[in-house]
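Next up, entry.txt (compact mmCIF, C-alpha atoms):
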# COMPACT_ATOMS: atom_id res chain seq x y z
CA MET A 1 0.00 0.00 0.00
CA MET A 2 1.34 3.41 -0.92
CA LYS A 3 0.33 6.85 0.16
CA SER A 4 0.52 10.05 -1.83
CA ILE A 5 3.32 12.33 -0.73
CA PHE A 6 3.37 16.09 -0.83
CA PHE A 7 6.07 18.52 0.19
CA LEU A 8 5.77 21.89 1.86
CA LEU A 9 8.72 24.08 2.69
CA LEU A 10 8.45 25.80 6.04
CA PRO A 11 10.68 28.38 7.71
CA VAL A 12 12.83 27.06 10.52
CA ALA A 13 14.15 29.12 13.40
CA PHE A 14 17.80 28.59 14.30
CA ALA A 15 18.75 30.22 17.55
CA LEU A 16 22.52 30.04 17.65
CA PRO A 17 25.54 31.05 15.55
CA ALA A 18 26.54 29.11 12.43
CA LYS A 19 29.60 27.65 14.17
CA ALA A 20 27.27 25.65 16.44
CA GLN A 21 24.75 24.80 13.78
CA VAL A 22 24.00 21.14 13.11
CA THR A 23 21.36 21.72 10.45
CA MET A 24 22.54 22.30 6.90
CA PRO A 25 22.98 26.04 6.22
CA GLY A 26 19.85 27.30 4.52
CA ALA A 27 17.99 24.04 5.17
CA GLU A 28 14.22 24.23 5.36
CA LEU A 29 11.79 21.98 7.14
CA ILE A 30 9.93 19.77 4.64
CA LEU A 31 6.48 18.41 5.42
CA ILE A 32 6.20 14.85 4.12
CA ASP A 33 2.60 14.13 5.08
CA SER A 34 0.03 15.26 7.64
CA ASN A 35 -2.69 12.63 7.31
CA PHE A 36 -1.82 10.54 10.34
CA SER A 37 -3.50 10.25 13.74
CA PHE A 38 -0.37 10.47 15.92
CA THR A 39 3.13 9.68 14.71
CA GLU A 40 5.83 8.19 16.94
CA GLY A 41 8.78 5.84 17.25
CA PRO A 42 11.02 6.56 14.21
CA ALA A 43 13.81 4.01 13.76
CA THR A 44 16.44 3.65 11.06
CA ASN A 45 17.72 0.45 9.49
CA LYS A 46 21.32 0.05 8.29
CA ASN A 47 20.37 1.17 4.77
CA GLY A 48 18.97 4.47 6.03
CA ASP A 49 15.26 3.67 5.58
CA ILE A 50 13.15 5.08 8.41
CA TYR A 51 10.18 3.30 9.98
CA PHE A 52 7.69 5.10 12.22
CA THR A 53 4.35 4.37 13.85
CA ASP A 54 0.86 5.77 13.68
CA GLN A 55 -0.16 4.22 16.96
CA PRO A 56 -3.89 5.07 17.08
CA LYS A 57 -4.31 3.30 13.73
CA ASP A 58 -1.92 0.46 14.68
CA ASN A 59 0.26 1.05 11.61
CA ILE A 60 4.00 1.11 10.93
CA TRP A 61 5.07 3.26 7.97
CA LYS A 62 8.29 3.22 5.97
CA TYR A 63 10.01 6.31 4.54
CA ASP A 64 12.77 4.95 2.33
CA ILE A 65 16.06 6.46 1.17
CA ASN A 66 14.45 7.51 -2.13
CA GLY A 67 11.74 9.53 -0.39
CA LYS A 68 8.97 6.97 -0.94
CA LEU A 69 6.37 6.64 1.81
CA SER A 70 4.58 3.29 2.12
CA LEU A 71 2.68 1.26 4.70
CA PHE A 72 4.99 -1.42 6.12
CA MET A 73 2.41 -3.23 8.21
CA HIS A 74 -0.94 -2.96 9.94
CA GLY A 75 -1.49 -4.83 13.19
CA ALA A 76 1.78 -4.18 14.97
CA LYS A 77 0.50 -4.69 18.54
CA ARG A 78 0.16 -0.91 18.93
CA SER A 79 3.86 -0.27 18.45
CA ASN A 80 5.19 2.93 19.97
CA GLY A 81 8.94 3.50 20.41
CA MET A 82 11.14 1.38 18.14
CA TYR A 83 14.80 0.66 17.37
CA PHE A 84 16.62 -1.72 15.01
CA ASP A 85 18.92 -4.34 16.48
CA ALA A 86 22.17 -5.46 14.86
CA LYS A 87 20.39 -8.33 13.06
CA GLY A 88 17.92 -6.02 11.33
CA ASN A 89 14.94 -6.81 13.55
CA LEU A 90 12.68 -3.91 14.44
CA ILE A 91 12.47 -3.90 18.24
CA SER A 92 9.22 -2.34 19.40
CA CYS A 93 7.53 -1.23 22.59
CA ALA A 94 4.10 -2.69 21.82
CA ASP A 95 1.62 -1.55 24.41
CA GLU A 96 -1.48 -3.35 23.14
CA ASN A 97 -0.55 -6.09 25.61
CA ASN A 98 2.38 -4.21 27.20
CA GLU A 99 5.18 -6.19 25.59
CA LEU A 100 8.61 -5.73 24.08
CA VAL A 101 8.59 -7.42 20.67
CA ALA A 102 10.83 -8.04 17.67
CA ILE A 103 9.47 -7.66 14.13
CA ASN A 104 11.52 -9.27 11.37
CA LYS A 105 11.63 -8.28 7.69
CA HIS A 106 8.81 -10.72 6.96
CA LYS A 107 6.64 -8.95 9.57
CA LYS A 108 6.72 -11.87 11.94
CA ILE A 109 6.30 -10.69 15.53
CA THR A 110 8.16 -12.37 18.40
CA VAL A 111 7.48 -11.41 22.01
CA LEU A 112 10.74 -10.75 23.87
CA ALA A 113 9.36 -9.72 27.27
CA SER A 114 5.84 -9.35 28.62
CA ASN A 115 6.10 -8.68 32.35
CA TYR A 116 8.37 -7.91 35.28
CA ASN A 117 8.42 -10.61 37.95
CA GLY A 118 5.03 -11.79 36.73
CA HIS A 119 3.39 -8.35 36.85
CA ILE A 120 2.03 -6.65 33.74
CA LEU A 121 4.05 -3.63 32.68
CA ASN A 122 2.61 -0.11 32.73
CA GLY A 123 3.04 0.37 28.99
CA PRO A 124 6.47 0.02 27.35
CA ASN A 125 7.12 3.36 25.70
CA ASP A 126 10.58 3.66 24.20
CA VAL A 127 13.58 1.41 23.63
CA TRP A 128 17.29 1.66 22.90
CA VAL A 129 19.35 -1.34 21.80
CA ASN A 130 23.06 -1.61 22.57
CA ARG A 131 24.12 -3.14 19.26
CA LYS A 132 27.51 -4.12 20.64
CA THR A 133 25.95 -6.48 23.19
CA GLY A 134 22.32 -6.92 22.11
CA GLY A 135 21.07 -5.65 25.46
CA MET A 136 17.89 -3.57 25.39
CA TYR A 137 16.71 -0.74 27.66
CA ILE A 138 13.03 0.18 27.87
CA THR A 139 11.10 2.94 29.59
CA ASP A 140 7.79 1.96 31.18
CA PRO A 141 5.60 4.98 32.03
CA TYR A 142 1.84 4.72 32.49
CA TYR A 143 -0.22 6.58 29.89
CA ARG A 144 -3.80 5.34 29.84
CA ARG A 145 -4.85 3.85 26.47
CA ASN A 146 -8.46 3.66 25.34
CA TYR A 147 -7.92 0.10 24.10
CA TRP A 148 -6.98 -1.17 27.57
CA SER A 149 -9.49 -2.79 29.88
CA ARG A 150 -7.43 -1.95 32.98
CA THR A 151 -7.75 1.53 34.43
CA LYS A 152 -4.68 1.74 36.68
CA PRO A 153 -1.11 0.38 36.91
CA ASP A 154 -0.23 -2.83 38.73
CA ALA A 155 0.69 -1.55 42.17
CA ALA A 156 3.16 -4.41 42.59
CA LEU A 157 5.48 -2.73 40.07
CA GLY A 158 6.05 0.05 42.58
CA GLY A 159 5.85 2.79 39.99
CA GLU A 160 7.09 3.65 36.50
CA LYS A 161 10.58 2.32 35.99
CA LEU A 162 13.53 1.76 33.66
CA TYR A 163 14.27 -1.85 32.66
CA PHE A 164 17.00 -3.82 30.89
CA LEU A 165 16.62 -7.00 28.87
CA PRO A 166 19.97 -8.86 28.81
CA PRO A 167 20.95 -10.43 25.48
CA GLY A 168 19.37 -13.83 24.99
CA LYS A 169 17.20 -13.53 28.12
CA LYS A 170 13.45 -13.27 28.60
CA GLU A 171 13.33 -11.72 32.06
CA LEU A 172 13.57 -7.97 32.49
CA VAL A 173 16.01 -6.48 35.01
CA LEU A 174 15.15 -3.32 36.93
CA VAL A 175 18.00 -0.85 36.40
CA ASP A 176 16.58 2.36 37.88
CA SER A 177 13.76 2.48 40.42
CA THR A 178 14.25 6.19 41.20
CA VAL A 179 12.77 7.57 37.98
CA VAL A 180 9.25 8.98 38.19
CA LYS A 181 7.96 8.75 34.61
CA PRO A 182 10.72 7.70 32.18
CA ASN A 183 10.06 8.33 28.51
CA GLY A 184 12.58 9.18 25.76
CA ILE A 185 15.78 7.15 25.64
CA THR A 186 18.95 6.90 23.58
CA GLY A 187 22.54 5.76 23.97
CA THR A 188 25.98 6.39 22.52
CA ALA A 189 27.23 4.24 19.65
CA ASP A 190 30.15 2.95 21.73
CA GLY A 191 27.70 1.57 24.29
CA LYS A 192 29.19 3.57 27.17
CA TYR A 193 26.40 6.02 28.03
CA LEU A 194 22.62 5.96 28.23
CA TYR A 195 20.36 9.03 28.23
CA VAL A 196 16.86 8.85 29.71
CA ALA A 197 14.24 11.59 29.97
CA ASP A 198 12.08 11.67 33.10
CA MET A 199 8.81 13.45 32.32
CA GLY A 200 7.83 13.20 35.98
CA VAL A 201 10.54 15.62 37.07
CA GLY A 202 11.14 17.47 33.78
CA LYS A 203 14.79 16.39 33.47
CA THR A 204 17.05 14.23 31.33
CA PHE A 205 19.74 12.07 32.94
CA ARG A 206 22.91 10.35 31.76
CA TYR A 207 24.09 6.96 33.03
CA GLU A 208 27.27 4.97 32.60
CA ILE A 209 26.61 1.51 31.17
CA GLN A 210 28.47 -1.30 32.88
CA ALA A 211 29.68 -4.53 31.26
CA ASP A 212 26.76 -6.51 32.67
CA GLY A 213 24.23 -3.94 31.41
CA SER A 214 23.62 -2.35 34.80
CA LEU A 215 23.75 1.43 35.13
CA SER A 216 25.87 3.62 37.38
CA ASN A 217 26.76 7.24 38.05
CA LYS A 218 23.36 8.72 37.22
CA THR A 219 23.91 12.42 36.61
CA LEU A 220 21.71 15.32 35.52
CA PHE A 221 22.23 16.09 31.84
CA VAL A 222 19.74 18.95 31.32
CA ASN A 223 16.77 20.43 33.15
CA GLU A 224 14.42 19.41 30.37
CA ALA A 225 12.59 16.19 29.63
CA SER A 226 11.80 14.70 26.24
CA ASP A 227 9.21 12.49 24.59
CA GLY A 228 11.64 10.84 22.17
CA MET A 229 15.31 11.54 21.50
CA THR A 230 18.28 10.71 19.32
CA ILE A 231 22.02 11.33 19.07
CA ASP A 232 24.44 12.33 16.30
CA GLU A 233 28.06 11.48 15.47
CA ARG A 234 29.34 14.39 17.57
CA GLY A 235 27.50 13.20 20.65
CA ASN A 236 24.86 15.93 20.45
CA ILE A 237 21.53 14.94 21.99
CA TYR A 238 18.22 15.84 20.30
CA LEU A 239 15.24 16.28 22.62
CA THR A 240 11.62 16.70 21.56
CA GLY A 241 8.42 18.27 22.81
CA LYS A 242 8.12 21.83 21.56
CA GLY A 243 10.07 21.33 18.36
CA VAL A 244 13.53 19.73 18.47
CA ILE A 245 16.09 21.04 20.96
CA VAL A 246 19.74 20.13 20.40
CA TYR A 247 22.30 19.95 23.22
CA ASN A 248 25.98 19.14 22.97
CA ASN A 249 27.37 16.38 25.17
CA THR A 250 28.12 18.83 27.99
CA GLY A 251 24.45 19.87 28.22
CA GLU A 252 24.81 23.21 26.43
CA LYS A 253 21.92 24.13 24.13
CA ILE A 254 23.30 24.66 20.63
CA GLU A 255 20.25 24.79 18.38
CA GLN A 256 16.45 24.88 18.25
CA ILE A 257 14.45 23.50 15.32
CA ASP A 258 10.94 24.87 15.42
CA VAL A 259 8.15 22.60 14.20
CA PRO A 260 4.68 24.03 13.44
CA GLU A 261 2.74 21.44 15.45
CA ASN A 262 1.40 21.31 19.00
CA TRP A 263 3.76 18.49 19.94
CA THR A 264 6.92 16.90 18.57
CA ALA A 265 6.97 13.29 19.71
CA ASN A 266 10.19 11.83 18.36
CA VAL A 267 13.11 12.15 15.99
CA CYS A 268 15.79 10.10 14.23
CA PHE A 269 18.42 10.26 11.49
CA GLY A 270 18.20 8.37 8.21
CA GLY A 271 18.71 8.65 4.46
CA LYS A 272 21.52 7.34 2.27
CA ASP A 273 24.12 9.39 4.11
CA LYS A 274 22.32 9.34 7.50
CA LYS A 275 22.10 13.14 7.32
CA THR A 276 18.33 13.42 7.04
CA LEU A 277 16.56 14.19 10.31
CA LEU A 278 13.00 12.82 10.37
CA ILE A 279 10.63 14.34 12.91
CA THR A 280 7.34 12.80 14.01
CA ALA A 281 5.02 15.56 15.22
CA SER A 282 1.38 14.90 16.05
CA LYS A 283 -0.46 14.18 12.78
CA SER A 284 2.56 15.02 10.64
CA VAL A 285 6.03 13.90 9.61
CA TYR A 286 8.82 16.29 8.59
CA ILE A 287 12.40 16.04 7.40
CA ILE A 288 15.32 18.47 7.37
CA LYS A 289 18.85 18.12 6.02
CA MET A 290 21.69 18.06 8.51
CA GLN A 291 25.45 18.69 8.51
CA VAL A 292 25.97 15.78 10.90
CA LYS A 293 25.22 12.06 10.68
CA GLY A 294 23.11 10.05 13.04
CA VAL A 295 24.51 6.98 14.75
CA GLU A 296 21.35 4.85 14.93

Serialized structure, structure tokens:
Amino acid sequence: MMKSIFFLLLPVAFALPAKAQVTMPGAELILIDSNFSFTEGPATNKNGDIYFTDQPKDNIWKYDINGKLSLFMHGAKRSNGMYFDAKGNLISCADENNELVAINKHKKITVLASNYNGHILNGPNDVWVNRKTGGMYITDPYYRRNYWSRTKPDAALGGEKLYFLPPGKKELVLVDSTVVKPNGITGTADGKYLYVADMGVGKTFRYEIQADGSLSNKTLFVNEASDGMTIDERGNIYLTGKGVIVYNNTGEKIEQIDVPENWTANVCFGGKDKKTLLITASKSVYIIKMQVKGVE
């Protein structure tokens, strides 16, 4: 199934000097389509194709390196945040039944984790895969869905937490119980650092990743939370919410990309050269050309 594509050039506000700029000089925000219900979870495969979700309609869409938009699959267990693993599987936080799943190129869905110590998760929201080890980190906030029969979290979970799925295992490991409402998540390509946004306190934190997948040295990165996030080759972190806000790896704001929507949910790099930034924002999807590459 294919969808018609139209393009609209929109002005973009860049707040800082050219020397700090990560967008391509003169680049304009391009609207790809605005006929979705709510877009989320962009993830890039090794070729540079980008997949994203329209969760209310239970669809995953593909925006390929040639600019073609097509429906990848319908019936994806209400996929939300996604990330490709090293084997090319699309790892998804699927909150229809509150699971972490893997979707292969043939659209076969395999459940990787479905509970913590026998208790149903709040609603897996976003995931980052350490491709060096295969370990996966997921955020589990509670956002009530109209397709759930339950009306409150399982009290036995003790709140909304951050979990780790060790490579080859089926049991989640609790790696941070102090977060309030974890949401956006990303990590560095070398597998050394993890960034997690806590919507409950309006902050984003950085952790050191240990050899066994556990986390240490939790430190404040910026006093701003994020729905979804990504990282580029320079270690800059891209937060979302009101547009896209870019911070360098010391937590200094270096650029703001304004997006003409009420909410920007997520962001990732893709394209042939990995220099296209795709932005999921409410009912729309945008792209903009960058000077830097992503490291998804």

Item to check | Exercise: stretch 91-93 of chain A partners within 9 Å, all atoms listed in the file, chain neighbours under 4 positions left out, as an NGL selection string | outcome: :A and (41 or 76-85 or 98-104 or 123-129 or 136 or 138-139)

Checklist entry - If we count all atoms listed in the file, what is near A:Leu215 at a cut-off of 9 Å, once residues fewer than 4 positions away on the same chain are taken out, given as number ranges by chain? => result A: 175-176, 193-194, 207-210

Checklist entry - Of the candidates A:Ile185, A:Thr240, A:Gly251, A:Asn122, which shows the shortest atom-to-atom distance to A:Leu278, using only C-alpha atoms? => result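 Of all the options, A:Thr240 lies closest to A:Leu278.
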
Checklist entry - Quick one, how far is atom CA of A:Glu296 from atom CA of A:Ala43? => result 7.7 Å

Item to check | Nearest-residue call for A:Lys132, choices A:Pro153, A:Gly270, A:Gly213, A:Gly159, using all atoms listed in the file | outcome: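 Looking only at the distances to A:Lys132, the closest residue turns out to be A:Gly213.
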
Item to check | Protein and nucleic acid residues near (14.0, 0.7, 1.0) (cut-off 9 Å, only C-alpha atoms) as a list in words | outcome: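 Selection result: Asn47, Gly48, Asp49, Ile50, Lys62, Tyr63, Asp64, Ile65, Asn66 and Lys68 of chain A.
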
Exercise on stretch 133-147 of chain A, axis-aligned box with 8 Å per side, report centre and edge lengths in Å to one decimal, as AutoDock Vina command-line options:
--center_x 8.7 --center_y -0.2 --center_z 27.3 --size_x 50.4 --size_y 29.5 --size_z 26.4

Item to check | Closest of A:Arg145, A:Lys57, A:Lys218, A:Lys283 to A:Asn97 - atom-to-atom distances counting only C-alpha atoms | outcome: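 Counting only C-alpha atoms, the residue closest to A:Asn97 is A:Arg145.
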
Next on the checklist: Between atom CA of A:Glu261 and atom CA of A:Trp61, what distance in Å does the model show, to one decimal?
Outcome noted: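 Interatomic distance here is 19.8 Å.
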
Checklist entry - Given the choices A:Ile231, A:Lys169, A:Met24, A:Asp140, which gets closest to A:Lys289 if the distance is worked out from all atoms listed in the file? => result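 The shortest atom-to-atom distance to A:Lys289 comes from A:Met24.
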
Next on the checklist: Taking all atoms listed in the file into account, name the residue in A:Tyr247, A:Ala225, A:Arg144, A:Val285 that is nearest to A:Leu31.
Outcome noted: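 Closest residue, counting all atoms listed in the file: A:Val285.
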
Checklist outcome for this item: Among A:Asn183, A:Asn249, A:Asn223, A:Asn117, A:Pro141 is approached most closely, using only C-alpha atoms, by A:Asn183

I need stretch 230-248 of chain A from the structure I supplied, saved as a PDB file, in the first residue's frame with C-alpha atoms retained.
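Listing of out13.pdb after writing:
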ATOM      1  CA  THR A 230      18.283  10.709  19.322  1.00  0.00           C
ATOM      2  CA  ILE A 231      22.018  11.332  19.068  1.00  0.00           C
ATOM      3  CA  ASP A 232      24.441  12.329  16.300  1.00  0.00           C
ATOM      4  CA  GLU A 233      28.060  11.478  15.473  1.00  0.00           C
ATOM      5  CA  ARG A 234      29.345  14.394  17.570  1.00  0.00           C
ATOM      6  CA  GLY A 235      27.499  13.195  20.646  1.00  0.00           C
ATOM      7  CA  ASN A 236      24.859  15.931  20.450  1.00  0.00           C
ATOM      8  CA  ILE A 237      21.527  14.941  21.992  1.00  0.00           C
ATOM      9  CA  TYR A 238      18.223  15.840  20.302  1.00  0.00           C
ATOM     10  CA  LEU A 239      15.236  16.281  22.622  1.00  0.00           C
ATOM     11  CA  THR A 240      11.616  16.697  21.558  1.00  0.00           C
ATOM     12  CA  GLY A 241       8.424  18.270  22.809  1.00  0.00           C
ATOM     13  CA  LYS A 242       8.117  21.825  21.563  1.00  0.00           C
ATOM     14  CA  GLY A 243      10.074  21.328  18.364  1.00  0.00           C
ATOM     15  CA  VAL A 244      13.534  19.734  18.475  1.00  0.00           C
ATOM     16  CA  ILE A 245      16.092  21.045  20.958  1.00  0.00           C
ATOM     17  CA  VAL A 246      19.745  20.135  20.405  1.00  0.00           C
ATOM     18  CA  TYR A 247      22.305  19.950  23.222  1.00  0.00           C
ATOM     19  CA  ASN A 248      25.982  19.135  22.971  1.00  0.00           C
TER      20      ASN A 248
END
